[in-house]
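Take a look at the structure below.
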Amino acid sequence: MIITLKGPYRFEQALKRLSIDPLLTIDVEAERIKMPLIIQDKPVVAVVTQIGTVMEPKLDVTMLDEAPSELVKAEITRIFHLETPLTEIHAFFSNTELAPIFNELKGTPFVCEPSLFGCIAKTIIHQQLNMKFAYTLSERFVKTFGFNQHGAWFYPSPEKVATLTVEQLRELQFSGRKAEYVIDTAKLIASGALDLHELGKKMDDEMLKELIAIRGIGRWTAENILMFGYGRMDLFPVQDIGIQNTVKILKGLATKPTVAELDELAINWQPYRTYAALYLWESIETNG
């Protein structure tokens, strides 16, 4: 299957960022990634390769499992933001103080997590940890309780995680509280008390309120779930240390900006605050 899209679209830059995650099978030089997808409740692996250019992007999608091609295309489109108006977003930020970063990284797309529950579990696991250990912990979690298909790792289902004990996660070096948060959230989803599909039909503020009401999910976690799980375009995680440090450098501040200062600053970046966050992260994590 070939997907042709409007440029600029910097697939290689997206893969550079994704390559931080050891669970993903990526060849940045070849611009290729092996994607673990869930299609009609079944695991499907698709190999996505850039066969075009930044200005004339074209993706080759090769399915390693049988699945309706239109559903696979829809998932790839959702995950890689193939229909997001990157040119429009770049033009918007060309009149802001983020213009130099957007010019340097023009065409870099936001990329969602392939699994919604995987996104939730990963975000909870990554709370208040340095990046290296956060990915080590999520890798242990998936390789212990998830599964591998055609070389692609799939997160365990909420139904499976709901059956785990705190002791099982403690063996992987989870804290007791974090183990409880992951298991209890999985139980809410498995029981139907938290319907992830229905949640996605709501407005951002409603989604945040519902998620933050869950034990173990605060503002940072909820905002990241909306961004990386649901692909919402107007979130800015002001509690994120990376964001705080990057804005400190950007504005030449002596100390990190406060949450209130970041909230006020980000007002100028509506309705694309998610892309403001992405390009700030990119400027220090994969491009700096």
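Within each chain, counting starts at residue 1; across the structure tokens, chains are named A, B, ... in the order shown, with ligands numbered 1 upward in that order.
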
Legend entry - Spatial neighbours of segment 246-261 of chain A, 8 Å, only C-alpha atoms, chain gap at least 4 places, as JSON, numbers by chain: {"A": [238, 239, 242, 265, 280, 281, 284]}

Inset, instruction - Tell me which protein, DNA and RNA residues are within 10 Å of Ile225 of chain A, counting only C-alpha atoms, leaving out same-chain ones fewer than 6 positions away, and put them as a PyMOL selection string. - result: chain A and resi 112-113+116-124+207-208+211+217+219+231-232

Inset, instruction - State, in Å with one decimal place, the distance from atom CA of Gly107 of chain A to atom CA of Ile79 of chain A. - result: 15.6 Å

Inset, instruction - For Met1 of chain A, please output as an NGL selection string all residues within 9 Å (counting only C-alpha atoms; exclusion window: fewer than 3 positions along the same chain). - result: :A and (59-63 or 69 or 73)

Writer output for current selection, N, CA, C and O atoms, as an mmCIF file, in the first residue's frame:
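Contents of selection_15.cif, freshly written:
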```
data_model
loop_
_atom_site.group_PDB
_atom_site.id
_atom_site.type_symbol
_atom_site.label_atom_id
_atom_site.label_comp_id
_atom_site.auth_asym_id
_atom_site.auth_seq_id
_atom_site.Cartn_x
_atom_site.Cartn_y
_atom_site.Cartn_z
ATOM 1 N N LEU A 59 4.736 7.180 1.589
ATOM 2 C CA LEU A 59 5.000 6.077 2.506
ATOM 3 C C LEU A 59 4.563 4.750 1.904
ATOM 4 O O LEU A 59 3.475 4.642 1.348
ATOM 5 N N ASP A 60 5.442 3.768 2.017
ATOM 6 C CA ASP A 60 5.099 2.401 1.633
ATOM 7 C C ASP A 60 4.714 1.646 2.897
ATOM 8 O O ASP A 60 5.481 1.612 3.865
ATOM 9 N N VAL A 61 3.526 1.064 2.929
ATOM 10 C CA VAL A 61 3.053 0.309 4.082
ATOM 11 C C VAL A 61 2.909 -1.154 3.674
ATOM 12 O O VAL A 61 2.087 -1.496 2.830
ATOM 13 N N THR A 62 3.741 -1.992 4.275
ATOM 14 C CA THR A 62 3.711 -3.426 3.987
ATOM 15 C C THR A 62 3.163 -4.156 5.200
ATOM 16 O O THR A 62 3.729 -4.083 6.296
ATOM 17 N N MET A 63 2.052 -4.853 5.038
ATOM 18 C CA MET A 63 1.427 -5.565 6.144
ATOM 19 C C MET A 63 1.999 -6.967 6.266
ATOM 20 O O MET A 63 2.079 -7.701 5.274
ATOM 21 N N SER A 69 -7.053 -3.290 4.474
ATOM 22 C CA SER A 69 -6.069 -2.246 4.167
ATOM 23 C C SER A 69 -6.568 -0.851 4.533
ATOM 24 O O SER A 69 -5.786 -0.006 4.965
ATOM 25 N N LYS A 73 -4.577 1.703 6.919
ATOM 26 C CA LYS A 73 -4.266 3.057 6.447
ATOM 27 C C LYS A 73 -4.789 4.106 7.417
ATOM 28 O O LYS A 73 -4.094 5.092 7.717
#
```

Inset, instruction - Might you pull out every residue within 10 Å of segment 268-271 of chain A, with only C-alpha atoms counted and same-chain residues fewer than 5 positions away left off, and present them as a VMD selection string? - result: chain A and resid 89 92 to 93 96 to 98 233 to 236 263 276 to 277

Inset, instruction - May I have the residues within 12 Å of His126 of chain A as a VMD selection string, using only C-alpha atoms and disregarding those fewer than 6 positions away in the same chain? - result: chain A and resid 21 118 to 120 132 to 139 141 174 to 175 178 to 179 181 to 182 216 to 217 220 to 221 224 to 225 240

Legend entry - Spatial neighbours of Ala162 of chain A, 12 Å, only C-alpha atoms, chain gap at least 3 places, as a ChimeraX atom specification: /A:117,121,145,156-159,165-166,168-169,179-191

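Distance check against Ala152 of chain A using only C-alpha atoms: of A:Ala222, A:Leu129, A:Leu37, A:Ile241, the minimum falls on A:Leu37.
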
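Excluding Gln40 of chain A and any residue on its chain fewer than 4 positions from it, the residues at most 12 Å away by only C-alpha atoms are Val44, Glu66, Ala67, Pro68, Ser69, Glu70, Leu71, Val72 and Glu75 of chain A.
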
Residues from the last selection, all heavy atoms, saved as a PDB file, in the first residue's frame:
```pdb
ATOM      1  N   VAL A  44      -1.686  -6.624  14.525  1.00  0.00           N
ATOM      2  CA  VAL A  44      -1.251  -6.590  13.129  1.00  0.00           C
ATOM      3  C   VAL A  44       0.054  -5.793  13.078  1.00  0.00           C
ATOM      4  O   VAL A  44       0.150  -4.725  13.675  1.00  0.00           O
ATOM      5  CB  VAL A  44      -2.308  -5.908  12.231  1.00  0.00           C
ATOM      6  CG1 VAL A  44      -1.769  -5.710  10.805  1.00  0.00           C
ATOM      7  CG2 VAL A  44      -3.593  -6.717  12.210  1.00  0.00           C
ATOM      8  N   GLU A  66      -2.666 -10.333   7.886  1.00  0.00           N
ATOM      9  CA  GLU A  66      -3.860  -9.995   7.122  1.00  0.00           C
ATOM     10  C   GLU A  66      -4.746  -9.038   7.927  1.00  0.00           C
ATOM     11  O   GLU A  66      -4.995  -9.244   9.107  1.00  0.00           O
ATOM     12  CB  GLU A  66      -4.652 -11.255   6.772  1.00  0.00           C
ATOM     13  CG  GLU A  66      -3.960 -12.140   5.737  1.00  0.00           C
ATOM     14  CD  GLU A  66      -4.861 -13.268   5.274  1.00  0.00           C
ATOM     15  OE1 GLU A  66      -6.059 -13.262   5.640  1.00  0.00           O
ATOM     16  OE2 GLU A  66      -4.368 -14.151   4.558  1.00  0.00           O
ATOM     17  N   ALA A  67      -5.203  -7.992   7.240  1.00  0.00           N
ATOM     18  CA  ALA A  67      -6.098  -7.012   7.862  1.00  0.00           C
ATOM     19  C   ALA A  67      -6.651  -6.133   6.749  1.00  0.00           C
ATOM     20  O   ALA A  67      -6.013  -5.969   5.698  1.00  0.00           O
ATOM     21  CB  ALA A  67      -5.358  -6.161   8.883  1.00  0.00           C
ATOM     22  N   PRO A  68      -7.844  -5.572   6.951  1.00  0.00           N
ATOM     23  CA  PRO A  68      -8.407  -4.665   5.935  1.00  0.00           C
ATOM     24  C   PRO A  68      -7.471  -3.476   5.704  1.00  0.00           C
ATOM     25  O   PRO A  68      -7.138  -2.753   6.649  1.00  0.00           O
ATOM     26  CB  PRO A  68      -9.740  -4.227   6.555  1.00  0.00           C
ATOM     27  CG  PRO A  68     -10.092  -5.323   7.506  1.00  0.00           C
ATOM     28  CD  PRO A  68      -8.786  -5.783   8.070  1.00  0.00           C
ATOM     29  N   SER A  69      -7.053  -3.290   4.474  1.00  0.00           N
ATOM     30  CA  SER A  69      -6.069  -2.246   4.167  1.00  0.00           C
ATOM     31  C   SER A  69      -6.568  -0.851   4.533  1.00  0.00           C
ATOM     32  O   SER A  69      -5.786  -0.006   4.965  1.00  0.00           O
ATOM     33  CB  SER A  69      -5.684  -2.298   2.687  1.00  0.00           C
ATOM     34  OG  SER A  69      -6.826  -2.128   1.862  1.00  0.00           O
ATOM     35  N   GLU A  70      -7.885  -0.618   4.399  1.00  0.00           N
ATOM     36  CA  GLU A  70      -8.406   0.716   4.704  1.00  0.00           C
ATOM     37  C   GLU A  70      -8.307   1.017   6.201  1.00  0.00           C
ATOM     38  O   GLU A  70      -8.081   2.167   6.600  1.00  0.00           O
ATOM     39  CB  GLU A  70      -9.850   0.867   4.230  1.00  0.00           C
ATOM     40  CG  GLU A  70     -10.893   0.026   4.949  1.00  0.00           C
ATOM     41  CD  GLU A  70     -11.034  -1.396   4.404  1.00  0.00           C
ATOM     42  OE1 GLU A  70     -10.179  -1.810   3.582  1.00  0.00           O
ATOM     43  OE2 GLU A  70     -12.005  -2.076   4.797  1.00  0.00           O
ATOM     44  N   LEU A  71      -8.431  -0.023   7.045  1.00  0.00           N
ATOM     45  CA  LEU A  71      -8.313   0.179   8.487  1.00  0.00           C
ATOM     46  C   LEU A  71      -6.857   0.395   8.898  1.00  0.00           C
ATOM     47  O   LEU A  71      -6.566   1.203   9.786  1.00  0.00           O
ATOM     48  CB  LEU A  71      -8.906  -1.014   9.241  1.00  0.00           C
ATOM     49  CG  LEU A  71     -10.407  -1.256   9.048  1.00  0.00           C
ATOM     50  CD1 LEU A  71     -10.880  -2.412   9.919  1.00  0.00           C
ATOM     51  CD2 LEU A  71     -11.209   0.009   9.373  1.00  0.00           C
ATOM     52  N   VAL A  72      -5.960  -0.326   8.237  1.00  0.00           N
ATOM     53  CA  VAL A  72      -4.533  -0.134   8.493  1.00  0.00           C
ATOM     54  C   VAL A  72      -4.122   1.280   8.074  1.00  0.00           C
ATOM     55  O   VAL A  72      -3.410   1.984   8.809  1.00  0.00           O
ATOM     56  CB  VAL A  72      -3.686  -1.185   7.744  1.00  0.00           C
ATOM     57  CG1 VAL A  72      -2.198  -0.857   7.855  1.00  0.00           C
ATOM     58  CG2 VAL A  72      -3.957  -2.576   8.298  1.00  0.00           C
ATOM     59  N   GLU A  75      -5.249   3.789  10.623  1.00  0.00           N
ATOM     60  CA  GLU A  75      -4.426   3.779  11.834  1.00  0.00           C
ATOM     61  C   GLU A  75      -3.083   4.459  11.597  1.00  0.00           C
ATOM     62  O   GLU A  75      -2.609   5.230  12.432  1.00  0.00           O
ATOM     63  CB  GLU A  75      -4.194   2.339  12.315  1.00  0.00           C
ATOM     64  CG  GLU A  75      -5.197   1.843  13.323  1.00  0.00           C
ATOM     65  CD  GLU A  75      -5.188   2.678  14.598  1.00  0.00           C
ATOM     66  OE1 GLU A  75      -4.396   2.389  15.522  1.00  0.00           O
ATOM     67  OE2 GLU A  75      -5.973   3.642  14.683  1.00  0.00           O
TER      68      GLU A  75
END
```

Inset, instruction - May I ask which of the residues A:Asp27, A:Glu223, A:Glu104, A:Glu83 is the closest one to Thr49 of chain A, counting only C-alpha atoms? - result: A:Asp27

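Atom pair atom CA of Val47 of chain A / atom CA of Lys34 of chain A has a distance of 4.4 Å (rounded to one decimal).
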
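Interatomic distance, atom CA of Leu278 of chain A to atom CA of Leu82 of chain A: 15.8 Å.
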
Inset, instruction - Apply DSSP to the backbone of this structure and, from segment 60-276 of chain A, keep only the residues in strand (DSSP E); write these as a list in words. - result: Asp60, Val61, Thr62, Met63, Phe147, Asn148, Gln149, Ala152, Trp153 and Phe154 of chain A
